[in-house]
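Enquirer: What follows is entry34.pdb, made up of PDB, C-alpha atoms:
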ATOM      1  CA  MET A   1      -4.745  66.172   0.925
ATOM      2  CA  HIS A   2      -1.898  64.279   2.598
ATOM      3  CA  ILE A   3      -2.819  63.762   6.252
ATOM      4  CA  PRO A   4       0.254  64.000   8.520
ATOM      5  CA  ASP A   5       0.917  61.975  11.677
ATOM      6  CA  GLY A   6      -1.029  63.315  14.645
ATOM      7  CA  PHE A   7      -4.158  64.443  12.763
ATOM      8  CA  LEU A   8      -6.130  61.187  13.079
ATOM      9  CA  SER A   9      -7.111  59.190  16.138
ATOM     10  CA  LEU A  10      -5.530  55.777  16.683
ATOM     11  CA  GLN A  11      -8.840  54.023  15.924
ATOM     12  CA  VAL A  12      -9.244  55.815  12.595
ATOM     13  CA  CYS A  13      -5.611  55.025  11.673
ATOM     14  CA  ALA A  14      -6.170  51.328  12.481
ATOM     15  CA  LEU A  15      -9.495  51.139  10.632
ATOM     16  CA  THR A  16      -8.172  52.831   7.490
ATOM     17  CA  TYR A  17      -5.071  50.588   7.501
ATOM     18  CA  ALA A  18      -7.330  47.522   7.732
ATOM     19  CA  VAL A  19      -9.549  48.615   4.822
ATOM     20  CA  THR A  20      -6.541  49.570   2.706
ATOM     21  CA  ALA A  21      -4.787  46.264   3.467
ATOM     22  CA  VAL A  22      -7.720  44.370   1.941
ATOM     23  CA  PHE A  23      -7.445  46.470  -1.235
ATOM     24  CA  TRP A  24      -3.655  45.984  -1.288
ATOM     25  CA  ALA A  25      -4.148  42.204  -1.200
ATOM     26  CA  PHE A  26      -6.611  42.330  -4.125
ATOM     27  CA  GLY A  27      -4.485  44.957  -5.898
ATOM     28  CA  PHE A  28      -1.275  42.922  -5.839
ATOM     29  CA  ARG A  29      -3.149  39.857  -7.040
ATOM     30  CA  GLY A  30      -4.952  41.821  -9.766
ATOM     31  CA  VAL A  31      -1.748  43.387 -11.089
ATOM     32  CA  ARG A  32       0.082  40.042 -10.982
ATOM     33  CA  ARG A  33      -2.666  38.448 -13.082
ATOM     34  CA  ALA A  34      -3.177  41.221 -15.654
ATOM     35  CA  PHE A  35       0.314  42.630 -16.146
ATOM     36  CA  ASP A  36       3.143  41.580 -18.398
ATOM     37  CA  GLU A  37       6.461  43.160 -19.417
ATOM     38  CA  ARG A  38       4.705  45.800 -21.565
ATOM     39  CA  HIS A  39       3.106  47.390 -18.525
ATOM     40  CA  VAL A  40       6.237  47.835 -16.413
ATOM     41  CA  PRO A  41       7.827  50.940 -18.044
ATOM     42  CA  LEU A  42       4.452  52.644 -18.428
ATOM     43  CA  LEU A  43       3.452  52.027 -14.813
ATOM     44  CA  SER A  44       6.855  53.285 -13.627
ATOM     45  CA  LEU A  45       6.745  56.365 -15.851
ATOM     46  CA  LEU A  46       3.190  57.325 -14.892
ATOM     47  CA  THR A  47       4.025  56.827 -11.218
ATOM     48  CA  ALA A  48       7.056  59.134 -11.516
ATOM     49  CA  MET A  49       5.121  61.748 -13.511
ATOM     50  CA  PHE A  50       2.150  61.908 -11.155
ATOM     51  CA  PHE A  51       4.519  62.016  -8.185
ATOM     52  CA  ALA A  52       5.997  65.154  -9.777
ATOM     53  CA  ALA A  53       2.574  66.521 -10.726
ATOM     54  CA  GLN A  54       1.446  66.245  -7.096
ATOM     55  CA  MET A  55       4.199  68.723  -6.158
ATOM     56  CA  MET A  56       2.293  71.443  -8.035
ATOM     57  CA  ASN A  57      -0.286  73.097  -5.816
ATOM     58  CA  PHE A  58      -2.865  75.368  -7.416
ATOM     59  CA  PRO A  59      -4.942  78.075  -5.719
ATOM     60  CA  VAL A  60      -8.476  76.945  -4.841
ATOM     61  CA  ILE A  61     -10.677  78.819  -2.356
ATOM     62  CA  GLY A  62      -9.883  81.211   0.485
ATOM     63  CA  GLY A  63      -6.172  81.529  -0.283
ATOM     64  CA  THR A  64      -5.548  77.814   0.097
ATOM     65  CA  THR A  65      -4.119  75.407  -2.484
ATOM     66  CA  ALA A  66      -4.642  71.832  -3.651
ATOM     67  CA  HIS A  67      -2.927  69.432  -6.052
ATOM     68  CA  LEU A  68      -4.000  67.060  -8.800
ATOM     69  CA  LEU A  69      -4.126  63.376  -7.800
ATOM     70  CA  GLY A  70      -3.361  61.626 -11.090
ATOM     71  CA  GLY A  71      -5.396  58.612  -9.963
ATOM     72  CA  PRO A  72      -8.001  58.860 -12.747
ATOM     73  CA  MET A  73      -5.411  58.750 -15.535
ATOM     74  CA  LEU A  74      -3.619  55.815 -13.886
ATOM     75  CA  ALA A  75      -6.924  53.952 -13.541
ATOM     76  CA  LEU A  76      -8.005  54.553 -17.135
ATOM     77  CA  LEU A  77      -4.683  53.513 -18.651
ATOM     78  CA  LEU A  78      -3.709  50.597 -16.424
ATOM     79  CA  GLY A  79      -6.771  49.743 -14.327
ATOM     80  CA  PRO A  80      -7.646  50.656 -10.736
ATOM     81  CA  TYR A  81      -5.553  47.925  -9.105
ATOM     82  CA  ALA A  82      -2.459  49.238 -10.892
ATOM     83  CA  GLY A  83      -3.495  52.784  -9.962
ATOM     84  CA  LEU A  84      -3.658  51.708  -6.320
ATOM     85  CA  ILE A  85      -0.164  50.190  -6.436
ATOM     86  CA  SER A  86       1.190  53.267  -8.195
ATOM     87  CA  MET A  87      -0.425  55.695  -5.737
ATOM     88  CA  THR A  88       0.852  53.594  -2.817
ATOM     89  CA  VAL A  89       4.431  53.939  -4.094
ATOM     90  CA  ILE A  90       3.927  57.709  -4.515
ATOM     91  CA  ILE A  91       2.345  58.286  -1.096
ATOM     92  CA  LEU A  92       4.854  56.076   0.747
ATOM     93  CA  LEU A  93       7.884  57.794  -0.817
ATOM     94  CA  GLN A  94       6.367  61.255  -0.257
ATOM     95  CA  ALA A  95       6.097  60.388   3.432
ATOM     96  CA  LEU A  96       9.564  58.833   3.723
ATOM     97  CA  ILE A  97      11.585  61.310   1.644
ATOM     98  CA  PHE A  98       9.715  64.589   2.092
ATOM     99  CA  GLY A  99       7.580  64.126   5.204
ATOM    100  CA  ASP A 100       4.452  64.878   3.133
ATOM    101  CA  GLY A 101       1.811  62.753   4.834
ATOM    102  CA  GLY A 102       2.439  60.504   7.812
ATOM    103  CA  LEU A 103       3.281  56.850   8.310
ATOM    104  CA  SER A 104       0.528  56.259  10.898
ATOM    105  CA  THR A 105      -1.876  57.865   8.395
ATOM    106  CA  LEU A 106      -0.517  56.012   5.345
ATOM    107  CA  GLY A 107      -3.562  53.718   5.341
ATOM    108  CA  ALA A 108      -5.906  56.722   5.348
ATOM    109  CA  ASN A 109      -3.971  58.587   2.648
ATOM    110  CA  VAL A 110      -3.889  55.522   0.394
ATOM    111  CA  LEU A 111      -7.594  54.917   1.075
ATOM    112  CA  ASN A 112      -8.451  58.477   0.024
ATOM    113  CA  MET A 113      -6.119  59.069  -2.915
ATOM    114  CA  GLY A 114      -5.240  55.527  -4.007
ATOM    115  CA  ILE A 115      -8.578  53.771  -3.596
ATOM    116  CA  VAL A 116     -11.396  56.353  -3.703
ATOM    117  CA  GLY A 117      -9.446  58.620  -6.098
ATOM    118  CA  VAL A 118      -8.738  55.714  -8.442
ATOM    119  CA  PHE A 119     -11.690  53.297  -8.292
ATOM    120  CA  ILE A 120     -14.445  55.958  -8.519
ATOM    121  CA  PRO A 121     -13.169  57.436 -11.835
ATOM    122  CA  TYR A 122     -12.792  53.927 -13.286
ATOM    123  CA  LEU A 123     -16.273  52.895 -12.133
ATOM    124  CA  VAL A 124     -17.909  56.056 -13.528
ATOM    125  CA  PHE A 125     -16.105  55.676 -16.862
ATOM    126  CA  THR A 126     -17.111  51.994 -17.069
ATOM    127  CA  VAL A 127     -20.771  52.920 -16.517
ATOM    128  CA  PHE A 128     -20.555  55.644 -19.190
ATOM    129  CA  ALA A 129     -18.833  53.214 -21.570
ATOM    130  CA  LYS A 130     -21.736  50.788 -21.173
ATOM    131  CA  VAL A 131     -24.436  53.447 -21.545
ATOM    132  CA  THR A 132     -23.124  55.841 -24.193
ATOM    133  CA  LYS A 133     -22.060  55.124 -27.756
ATOM    134  CA  SER A 134     -20.609  58.548 -28.585
ATOM    135  CA  LYS A 135     -17.058  59.815 -28.122
ATOM    136  CA  ARG A 136     -18.448  62.913 -26.420
ATOM    137  CA  GLY A 137     -20.276  60.693 -23.939
ATOM    138  CA  LEU A 138     -17.072  58.796 -23.168
ATOM    139  CA  TYR A 139     -15.165  62.001 -22.470
ATOM    140  CA  ALA A 140     -18.056  63.158 -20.285
ATOM    141  CA  GLY A 141     -17.473  59.951 -18.327
ATOM    142  CA  VAL A 142     -13.740  60.677 -18.037
ATOM    143  CA  PHE A 143     -14.425  64.209 -16.817
ATOM    144  CA  LEU A 144     -17.195  63.290 -14.369
ATOM    145  CA  GLY A 145     -15.268  60.300 -13.018
ATOM    146  CA  SER A 146     -12.139  62.387 -12.434
ATOM    147  CA  PHE A 147     -14.138  65.161 -10.787
ATOM    148  CA  LEU A 148     -16.031  62.775  -8.507
ATOM    149  CA  GLY A 149     -12.846  60.868  -7.682
ATOM    150  CA  ASP A 150     -11.158  64.024  -6.366
ATOM    151  CA  LEU A 151     -14.290  65.286  -4.640
ATOM    152  CA  LEU A 152     -14.961  62.001  -2.833
ATOM    153  CA  ALA A 153     -11.283  61.517  -1.943
ATOM    154  CA  ALA A 154     -11.371  64.904  -0.204
ATOM    155  CA  ALA A 155     -14.721  64.090   1.425
ATOM    156  CA  PHE A 156     -13.263  60.814   2.751
ATOM    157  CA  ALA A 157     -10.299  62.723   4.203
ATOM    158  CA  GLY A 158     -12.784  65.104   5.848
ATOM    159  CA  PHE A 159     -14.782  62.151   7.195
ATOM    160  CA  GLU A 160     -11.680  60.584   8.747
ATOM    161  CA  LEU A 161     -10.696  63.921  10.295
ATOM    162  CA  GLY A 162     -14.256  64.432  11.546
ATOM    163  CA  LEU A 163     -14.231  60.986  13.145
ATOM    164  CA  SER A 164     -10.988  61.870  14.935
ATOM    165  CA  VAL A 165     -12.623  64.087  17.564
ATOM    166  CA  PRO A 166     -11.189  65.403  19.885
ATOM    167  CA  VAL A 167      -8.054  65.771  17.745
ATOM    168  CA  PHE A 168     -10.119  67.588  15.108
ATOM    169  CA  GLN A 169     -12.908  69.452  16.890
ATOM    170  CA  TYR A 170     -14.886  70.516  13.803
ATOM    171  CA  GLY A 171     -16.666  67.179  13.522
ATOM    172  CA  ILE A 172     -17.666  65.236  10.446
ATOM    173  CA  GLN A 173     -20.115  67.681   8.866
ATOM    174  CA  VAL A 174     -17.832  70.710   8.798
ATOM    175  CA  ALA A 175     -14.693  68.751   7.878
ATOM    176  CA  VAL A 176     -16.375  66.862   5.003
ATOM    177  CA  VAL A 177     -18.055  69.962   3.544
ATOM    178  CA  THR A 178     -14.918  72.137   3.825
ATOM    179  CA  MET A 179     -12.635  69.554   2.229
ATOM    180  CA  ALA A 180     -15.142  68.694  -0.526
ATOM    181  CA  ILE A 181     -15.902  72.310  -1.471
ATOM    182  CA  HIS A 182     -12.243  73.299  -1.605
ATOM    183  CA  HIS A 183     -11.246  70.236  -3.646
ATOM    184  CA  SER A 184     -14.176  70.535  -6.069
ATOM    185  CA  ILE A 185     -12.132  73.209  -7.873
ATOM    186  CA  ILE A 186      -9.157  70.902  -8.299
ATOM    187  CA  GLY A 187     -11.622  68.150  -9.290
ATOM    188  CA  ILE A 188     -12.652  70.246 -12.295
ATOM    189  CA  ALA A 189      -8.974  70.715 -13.180
ATOM    190  CA  GLU A 190      -8.371  66.970 -12.787
ATOM    191  CA  GLY A 191     -11.307  66.304 -15.135
ATOM    192  CA  VAL A 192      -9.983  68.695 -17.784
ATOM    193  CA  VAL A 193      -6.388  67.406 -17.518
ATOM    194  CA  THR A 194      -7.413  63.719 -17.606
ATOM    195  CA  SER A 195      -9.748  64.246 -20.584
ATOM    196  CA  THR A 196      -7.049  66.175 -22.442
ATOM    197  CA  ILE A 197      -4.344  63.554 -21.803
ATOM    198  CA  MET A 198      -6.807  60.821 -22.808
ATOM    199  CA  ALA A 199      -7.573  62.646 -26.079
ATOM    200  CA  VAL A 200      -3.861  63.154 -26.833
ATOM    201  CA  ILE A 201      -3.078  59.481 -26.161
ATOM    202  CA  ALA A 202      -6.078  58.349 -28.232
ATOM    203  CA  LYS A 203      -4.705  60.335 -31.147
ATOM    204  CA  SER A 204      -0.954  59.697 -30.809
ATOM    205  CA  ARG A 205      -0.607  56.303 -29.050
ATOM    206  CA  PRO A 206      -4.021  54.571 -29.140
ATOM    207  CA  ASP A 207      -2.256  51.247 -28.452
ATOM    208  CA  LEU A 208      -1.663  52.408 -24.863
ATOM    209  CA  LEU A 209      -5.428  52.498 -24.305
ATOM    210  CA  GLU A 210      -5.709  48.884 -25.437
ATOM    211  CA  LEU A 211      -3.403  47.432 -22.771
ATOM    212  CA  PRO A 212      -5.110  44.897 -20.484
ATOM    213  CA  LYS A 213      -6.275  46.608 -17.302
ATOM    214  CA  ALA A 214      -5.793  45.364 -13.750
ATOM    215  CA  ALA A 215      -9.392  45.770 -12.606
ATOM    216  CA  PRO A 216     -11.942  43.805 -10.562
ATOM    217  CA  SER A 217     -13.894  41.411 -12.800
ATOM    218  CA  LEU A 218     -17.047  42.983 -11.346
ATOM    219  CA  PHE A 219     -16.292  46.183 -13.299
ATOM    220  CA  GLY A 220     -15.824  44.348 -16.582
ATOM    221  CA  GLY A 221     -13.303  45.375 -19.211
ATOM    222  CA  TRP A 222     -13.488  47.775 -22.124
ATOM    223  CA  SER A 223     -11.555  48.450 -25.279
ATOM    224  CA  TYR A 224     -11.224  52.077 -26.327
ATOM    225  CA  SER A 225     -11.082  51.262 -30.034
ATOM    226  CA  ALA A 226     -14.251  49.182 -29.750
ATOM    227  CA  LEU A 227     -15.956  51.998 -27.855
ATOM    228  CA  VAL A 228     -15.178  54.715 -30.417
ATOM    229  CA  SER A 229     -15.600  52.609 -33.565
TER     230      SER A 229
ATOM    231  CA  MET B   1       9.801  53.308 -25.068
ATOM    232  CA  ASN B   2      13.154  54.576 -23.746
ATOM    233  CA  LYS B   3      12.610  57.965 -25.423
ATOM    234  CA  VAL B   4       9.127  58.168 -23.945
ATOM    235  CA  VAL B   5      10.512  57.375 -20.479
ATOM    236  CA  LEU B   6      13.235  60.042 -20.766
ATOM    237  CA  ALA B   7      10.739  62.616 -22.062
ATOM    238  CA  GLY B   8       8.349  61.742 -19.237
ATOM    239  CA  ILE B   9      11.052  62.127 -16.591
ATOM    240  CA  ALA B  10      12.062  65.504 -18.087
ATOM    241  CA  ILE B  11       8.426  66.686 -18.006
ATOM    242  CA  GLY B  12       8.139  65.381 -14.463
ATOM    243  CA  ALA B  13      11.224  67.386 -13.457
ATOM    244  CA  LEU B  14       9.633  70.542 -14.882
ATOM    245  CA  PHE B  15       6.448  69.838 -12.884
ATOM    246  CA  ALA B  16       8.504  69.347  -9.739
ATOM    247  CA  ILE B  17      10.556  72.524 -10.140
ATOM    248  CA  ALA B  18       7.500  74.632 -10.955
ATOM    249  CA  GLY B  19       5.666  73.050  -8.047
ATOM    250  CA  VAL B  20       8.371  73.506  -5.436
ATOM    251  CA  LEU B  21       9.666  76.947  -6.459
ATOM    252  CA  TRP B  22       6.576  78.793  -7.685
ATOM    253  CA  LEU B  23       3.268  77.004  -7.266
ATOM    254  CA  SER B  24       3.223  75.846  -3.648
ATOM    255  CA  THR B  25       3.508  79.119  -1.786
ATOM    256  CA  SER B  26       0.156  78.922   0.061
ATOM    257  CA  MET B  27      -1.075  76.347   2.552
ATOM    258  CA  GLU B  28      -3.257  73.403   1.576
ATOM    259  CA  THR B  29      -6.865  73.363   2.829
ATOM    260  CA  LEU B  30      -6.093  70.657   5.375
ATOM    261  CA  ASP B  31      -3.172  72.626   6.845
ATOM    262  CA  GLU B  32      -5.335  75.768   6.994
ATOM    263  CA  ILE B  33      -8.076  73.926   8.948
ATOM    264  CA  ALA B  34      -5.452  72.430  11.268
ATOM    265  CA  GLU B  35      -3.944  75.841  11.935
ATOM    266  CA  GLN B  36      -7.371  77.275  12.777
ATOM    267  CA  LEU B  37      -7.848  74.477  15.319
ATOM    268  CA  GLY B  38      -4.312  74.687  16.645
ATOM    269  CA  VAL B  39      -3.661  71.059  15.668
ATOM    270  CA  LYS B  40      -0.009  70.342  14.970
ATOM    271  CA  GLY B  41       1.115  67.397  12.861
ATOM    272  CA  PHE B  42       4.438  65.668  13.256
ATOM    273  CA  ASN B  43       6.562  63.053  11.519
ATOM    274  CA  LEU B  44       7.090  59.616  13.064
ATOM    275  CA  TRP B  45      10.010  59.374  10.657
ATOM    276  CA  ASN B  46      12.626  62.073  10.025
ATOM    277  CA  PRO B  47      12.356  62.838   6.308
ATOM    278  CA  LEU B  48      15.594  63.553   4.444
ATOM    279  CA  PHE B  49      14.187  66.570   2.620
ATOM    280  CA  PRO B  50      11.318  68.147   4.572
ATOM    281  CA  ASP B  51       9.040  70.463   2.551
ATOM    282  CA  TYR B  52      10.478  69.210  -0.730
ATOM    283  CA  ALA B  53      13.721  71.154  -0.267
ATOM    284  CA  VAL B  54      17.390  70.494   0.368
ATOM    285  CA  PRO B  55      17.993  71.730   3.931
ATOM    286  CA  GLY B  56      19.736  75.124   3.776
ATOM    287  CA  HIS B  57      19.082  75.511   0.026
ATOM    288  CA  LYS B  58      15.343  76.091  -0.094
ATOM    289  CA  GLU B  59      15.499  78.888  -2.668
ATOM    290  CA  SER B  60      18.237  77.339  -4.833
ATOM    291  CA  VAL B  61      17.024  76.397  -8.324
ATOM    292  CA  GLY B  62      20.020  74.083  -8.823
ATOM    293  CA  ALA B  63      19.431  72.177  -5.584
ATOM    294  CA  THR B  64      15.700  71.930  -6.350
ATOM    295  CA  LEU B  65      16.418  70.651  -9.868
ATOM    296  CA  ALA B  66      18.848  68.031  -8.543
ATOM    297  CA  LEU B  67      16.433  66.949  -5.801
ATOM    298  CA  SER B  68      13.543  66.774  -8.283
ATOM    299  CA  LEU B  69      15.486  64.612 -10.735
ATOM    300  CA  VAL B  70      16.784  62.294  -8.012
ATOM    301  CA  SER B  71      13.383  61.892  -6.338
ATOM    302  CA  ILE B  72      11.628  61.252  -9.670
ATOM    303  CA  ALA B  73      14.283  58.654 -10.516
ATOM    304  CA  ILE B  74      13.792  57.009  -7.090
ATOM    305  CA  VAL B  75      10.004  56.850  -7.583
ATOM    306  CA  PHE B  76      10.458  55.479 -11.123
ATOM    307  CA  CYS B  77      12.844  52.766  -9.873
ATOM    308  CA  ALA B  78      10.598  51.873  -6.913
ATOM    309  CA  ALA B  79       7.531  51.472  -9.156
ATOM    310  CA  TYR B  80       9.615  49.499 -11.700
ATOM    311  CA  LEU B  81      10.864  47.179  -8.967
ATOM    312  CA  VAL B  82       7.375  46.572  -7.540
ATOM    313  CA  ALA B  83       5.898  45.838 -10.988
ATOM    314  CA  LYS B  84       8.813  43.563 -11.904
ATOM    315  CA  LEU B  85       8.574  41.661  -8.625
ATOM    316  CA  LEU B  86       4.864  41.072  -9.178
ATOM    317  CA  ILE B  87       5.423  39.744 -12.693
ATOM    318  CA  VAL B  88       8.356  37.540 -11.636
ATOM    319  CA  ARG B  89       6.227  36.071  -8.854
ATOM    320  CA  ARG B  90       3.504  35.224 -11.370
ATOM    321  CA  GLU B  91       5.958  33.569 -13.754
ATOM    322  CA  LYS B  92       7.432  31.436 -10.973
ATOM    323  CA  ARG B  93       4.008  30.025 -10.078
TER     324      ARG B  93
END
Would you mind writing the structure in this file as structure tokens?

Expert:
Amino acid sequence: MHIPDGFLSLQVCALTYAVTAVFWAFGFRGVRRAFDERHVPLLSLLTAMFFAAQMMNFPVIGGTTAHLLGGPMLALLLGPYAGLISMTVIILLQALIFGDGGLSTLGANVLNMGIVGVFIPYLVFTVFAKVTKSKRGLYAGVFLGSFLGDLLAAAFAGFELGLSVPVFQYGIQVAVVTMAIHHSIIGIAEGVVTSTIMAVIAKSRPDLLELPKAAPSLFGGWSYSALVS
Amino acid sequence: MNKVVLAGIAIGALFAIAGVLWLSTSMETLDEIAEQLGVKGFNLWNPLFPDYAVPGHKESVGATLALSLVSIAIVFCAAYLVAKLLIVRREKR
């Protein structure tokens, strides 16, 4: 899903950088307010692990491959602002060290994977946490949020490519549908993986789910132990 | 926490090796679409290790393992530094 240099028009690059810059400003402020020393090793470890996980591409449709994002797990453990910072570090270093994704398209890649792929899962889970009282309902929220996060991240990438005519001549409709359909498969995998990791953490280290989350106040907070009690 | 960090980095290295050597043999959807349209991407910056491989040692398990461990350590340190800087800035205010 990493868009390289040369795939997007200058206008789309500028627009996506501008939108992402606003989120970066809120993200840095949100993390600064919510985080303390306890968060630092966990944020660093999750960033390193999801960087590695993104190297694994799995077959999807038509002989092509796609990778997990890791954004949903980051958002659920540390909050979407922290997920954004973490994904920014991953995407920037992937571009600088490995040439995976471009620098002119960094704003677009962070918008897709670090904003859409992180905030959507958190928002969906928060809605489920408010509506449902059962553990099964909560995990349904984790799965659906992760799936939608991946699907919409891919759709956003398709939208940006579609807007970049004449560089990409397929146009918005074809680019969005193709990207979304192909990544829906990996979205299911992301949902299963995130739900499984969440269940393992809830059983072995439930304290990690109780850490304060760097999230917009609009979303409200939640405590896992309070939700499942 | 140190044990958890070391275990996490080891798991990450396994992900990276599996990903680079065995799981990433086909093109991603985006690259496939680009190829159909004849669109070619480029890098504004010359990456040190294009395609997640040590130049000249693409098939080497040892080189891939070393690169995976080093890159995971770099990402860990970069995220640690960013988080620390943010906390230090808050404490100074």

Enquirer: At a cut-off of 7 Å, list the chain B residues touching chain A, using all atoms listed in the file, as a PyMOL selection string.

Expert: chain B and resi 5+8-9+12-13+15-16+18-20+23-24+26-30+41-45+47-52+72+75-76+79-80+83-84+86-87+90

Enquirer: Report as number ranges by chain all protein, DNA and RNA residues lying within 10 Å of Leu148 of chain A, evaluated on all atoms listed in the file, omitting residues in the same chain fewer than 6 positions from it.

Expert: A: 72, 116-117, 120-121, 124, 154, 180, 184, 187-188, 190-191

Enquirer: Ranking B:Val82, B:Val39, B:Ile33, B:Ala73 by minimum distance to Leu6 of chain B and counting all atoms listed in the file, which one comes first?

Expert: B:Ala73

Enquirer: State, in Å with one decimal place, the distance from atom CA of Ile185 of chain A to atom CA of Ala53 of chain B.

Expert: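 Distance between the two atoms: 27.0 Å.
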
Enquirer: Axis-aligned box over every listed atom of segment 200-215 of chain A, padded by 8 Å per side: centre and edges in Å to one decimal, as JSON?

Expert:
{"center_x": -5.0, "center_y": 54.0, "center_z": -21.9, "size_x": 24.8, "size_y": 34.3, "size_z": 34.5}

Enquirer: Which distance in Å separates atom CA of Ser146 of chain A and atom CA of Gly107 of chain A, to one decimal?

Expert: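 Separating atom CA of Ser146 of chain A from atom CA of Gly107 of chain A is a distance of 21.6 Å.
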
Enquirer: Give me, please, the distance in Å between atom CA of Ala140 of chain A and atom CA of Phe125 of chain A, quoted to one decimal.

Expert: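 These two atoms are separated by 8.5 Å.
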
Enquirer: Which is closer to Phe147 of chain A than all the others in A:Ala214, A:Val193, A:Cys13, A:Leu74, using only C-alpha atoms?

Expert: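 Closest to Phe147 of chain A, using only C-alpha atoms: A:Val193.
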
Enquirer: Would you be able to write out as an MDAnalysis selection string which residues have an atom within 10 Å of (-11.4, 56.1, -2.2) in the file's coordinates, counting all atoms listed in the file?

Expert: chainID A and resid 20 84 108:121 149:157

Enquirer: Evaluate the PyMOL selection byres ((chain A and resi 210) around 12) against this structure - the residues, as a list in words, please.

Expert: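 On the file shown, the PyMOL selection byres ((chain A and resi 210) around 12) covers Arg38, His39, Leu76, Leu77, Leu78, Gly79, Ile201, Ala202, Arg205, Pro206, Asp207, Leu208, Leu209, Leu211, Pro212, Lys213, Gly221, Trp222, Ser223, Tyr224, Ser225, Ala226 and Leu227 of chain A.
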
Enquirer: Restricting the output to C-alpha atoms, write the selected residues as a PDB file, in the frame of the given file.

Expert:
ATOM      1  CA  ARG A  38       4.705  45.800 -21.565  1.00  0.00           C
ATOM      2  CA  HIS A  39       3.106  47.390 -18.525  1.00  0.00           C
ATOM      3  CA  LEU A  76      -8.005  54.553 -17.135  1.00  0.00           C
ATOM      4  CA  LEU A  77      -4.683  53.513 -18.651  1.00  0.00           C
ATOM      5  CA  LEU A  78      -3.709  50.597 -16.424  1.00  0.00           C
ATOM      6  CA  GLY A  79      -6.771  49.743 -14.327  1.00  0.00           C
ATOM      7  CA  ILE A 201      -3.078  59.481 -26.161  1.00  0.00           C
ATOM      8  CA  ALA A 202      -6.078  58.349 -28.232  1.00  0.00           C
ATOM      9  CA  ARG A 205      -0.607  56.303 -29.050  1.00  0.00           C
ATOM     10  CA  PRO A 206      -4.021  54.571 -29.140  1.00  0.00           C
ATOM     11  CA  ASP A 207      -2.256  51.247 -28.452  1.00  0.00           C
ATOM     12  CA  LEU A 208      -1.663  52.408 -24.863  1.00  0.00           C
ATOM     13  CA  LEU A 209      -5.428  52.498 -24.305  1.00  0.00           C
ATOM     14  CA  LEU A 211      -3.403  47.432 -22.771  1.00  0.00           C
ATOM     15  CA  PRO A 212      -5.110  44.897 -20.484  1.00  0.00           C
ATOM     16  CA  LYS A 213      -6.275  46.608 -17.302  1.00  0.00           C
ATOM     17  CA  GLY A 221     -13.303  45.375 -19.211  1.00  0.00           C
ATOM     18  CA  TRP A 222     -13.488  47.775 -22.124  1.00  0.00           C
ATOM     19  CA  SER A 223     -11.555  48.450 -25.279  1.00  0.00           C
ATOM     20  CA  TYR A 224     -11.224  52.077 -26.327  1.00  0.00           C
ATOM     21  CA  SER A 225     -11.082  51.262 -30.034  1.00  0.00           C
ATOM     22  CA  ALA A 226     -14.251  49.182 -29.750  1.00  0.00           C
ATOM     23  CA  LEU A 227     -15.956  51.998 -27.855  1.00  0.00           C
TER      24      LEU A 227
END

Enquirer: How would segment 25-35 of chain B look with N, CA and C atoms restored, written as a PDB file, in the frame of the given file?

Expert:
ATOM      1  N   THR B  25       3.172  78.091  -2.768  1.00  0.00           N
ATOM      2  CA  THR B  25       3.508  79.119  -1.786  1.00  0.00           C
ATOM      3  C   THR B  25       2.456  79.230  -0.676  1.00  0.00           C
ATOM      4  N   SER B  26       1.209  78.828  -0.967  1.00  0.00           N
ATOM      5  CA  SER B  26       0.156  78.922   0.061  1.00  0.00           C
ATOM      6  C   SER B  26      -0.105  77.561   0.684  1.00  0.00           C
ATOM      7  N   MET B  27      -0.786  77.592   1.840  1.00  0.00           N
ATOM      8  CA  MET B  27      -1.075  76.347   2.552  1.00  0.00           C
ATOM      9  C   MET B  27      -2.182  75.554   1.859  1.00  0.00           C
ATOM     10  N   GLU B  28      -2.156  74.226   2.049  1.00  0.00           N
ATOM     11  CA  GLU B  28      -3.257  73.403   1.576  1.00  0.00           C
ATOM     12  C   GLU B  28      -4.433  73.567   2.530  1.00  0.00           C
ATOM     13  N   THR B  29      -5.644  73.221   2.038  1.00  0.00           N
ATOM     14  CA  THR B  29      -6.865  73.363   2.829  1.00  0.00           C
ATOM     15  C   THR B  29      -6.743  72.676   4.189  1.00  0.00           C
ATOM     16  N   LEU B  30      -6.221  71.444   4.150  1.00  0.00           N
ATOM     17  CA  LEU B  30      -6.093  70.657   5.375  1.00  0.00           C
ATOM     18  C   LEU B  30      -5.193  71.359   6.401  1.00  0.00           C
ATOM     19  N   ASP B  31      -4.093  71.925   5.937  1.00  0.00           N
ATOM     20  CA  ASP B  31      -3.172  72.626   6.845  1.00  0.00           C
ATOM     21  C   ASP B  31      -3.821  73.889   7.410  1.00  0.00           C
ATOM     22  N   GLU B  32      -4.629  74.552   6.570  1.00  0.00           N
ATOM     23  CA  GLU B  32      -5.335  75.768   6.994  1.00  0.00           C
ATOM     24  C   GLU B  32      -6.323  75.436   8.123  1.00  0.00           C
ATOM     25  N   ILE B  33      -7.097  74.349   7.921  1.00  0.00           N
ATOM     26  CA  ILE B  33      -8.076  73.926   8.948  1.00  0.00           C
ATOM     27  C   ILE B  33      -7.326  73.585  10.238  1.00  0.00           C
ATOM     28  N   ALA B  34      -6.225  72.851  10.091  1.00  0.00           N
ATOM     29  CA  ALA B  34      -5.452  72.430  11.268  1.00  0.00           C
ATOM     30  C   ALA B  34      -4.923  73.641  12.027  1.00  0.00           C
ATOM     31  N   GLU B  35      -4.476  74.643  11.274  1.00  0.00           N
ATOM     32  CA  GLU B  35      -3.944  75.841  11.935  1.00  0.00           C
ATOM     33  C   GLU B  35      -5.041  76.568  12.706  1.00  0.00           C
TER      34      GLU B  35
END
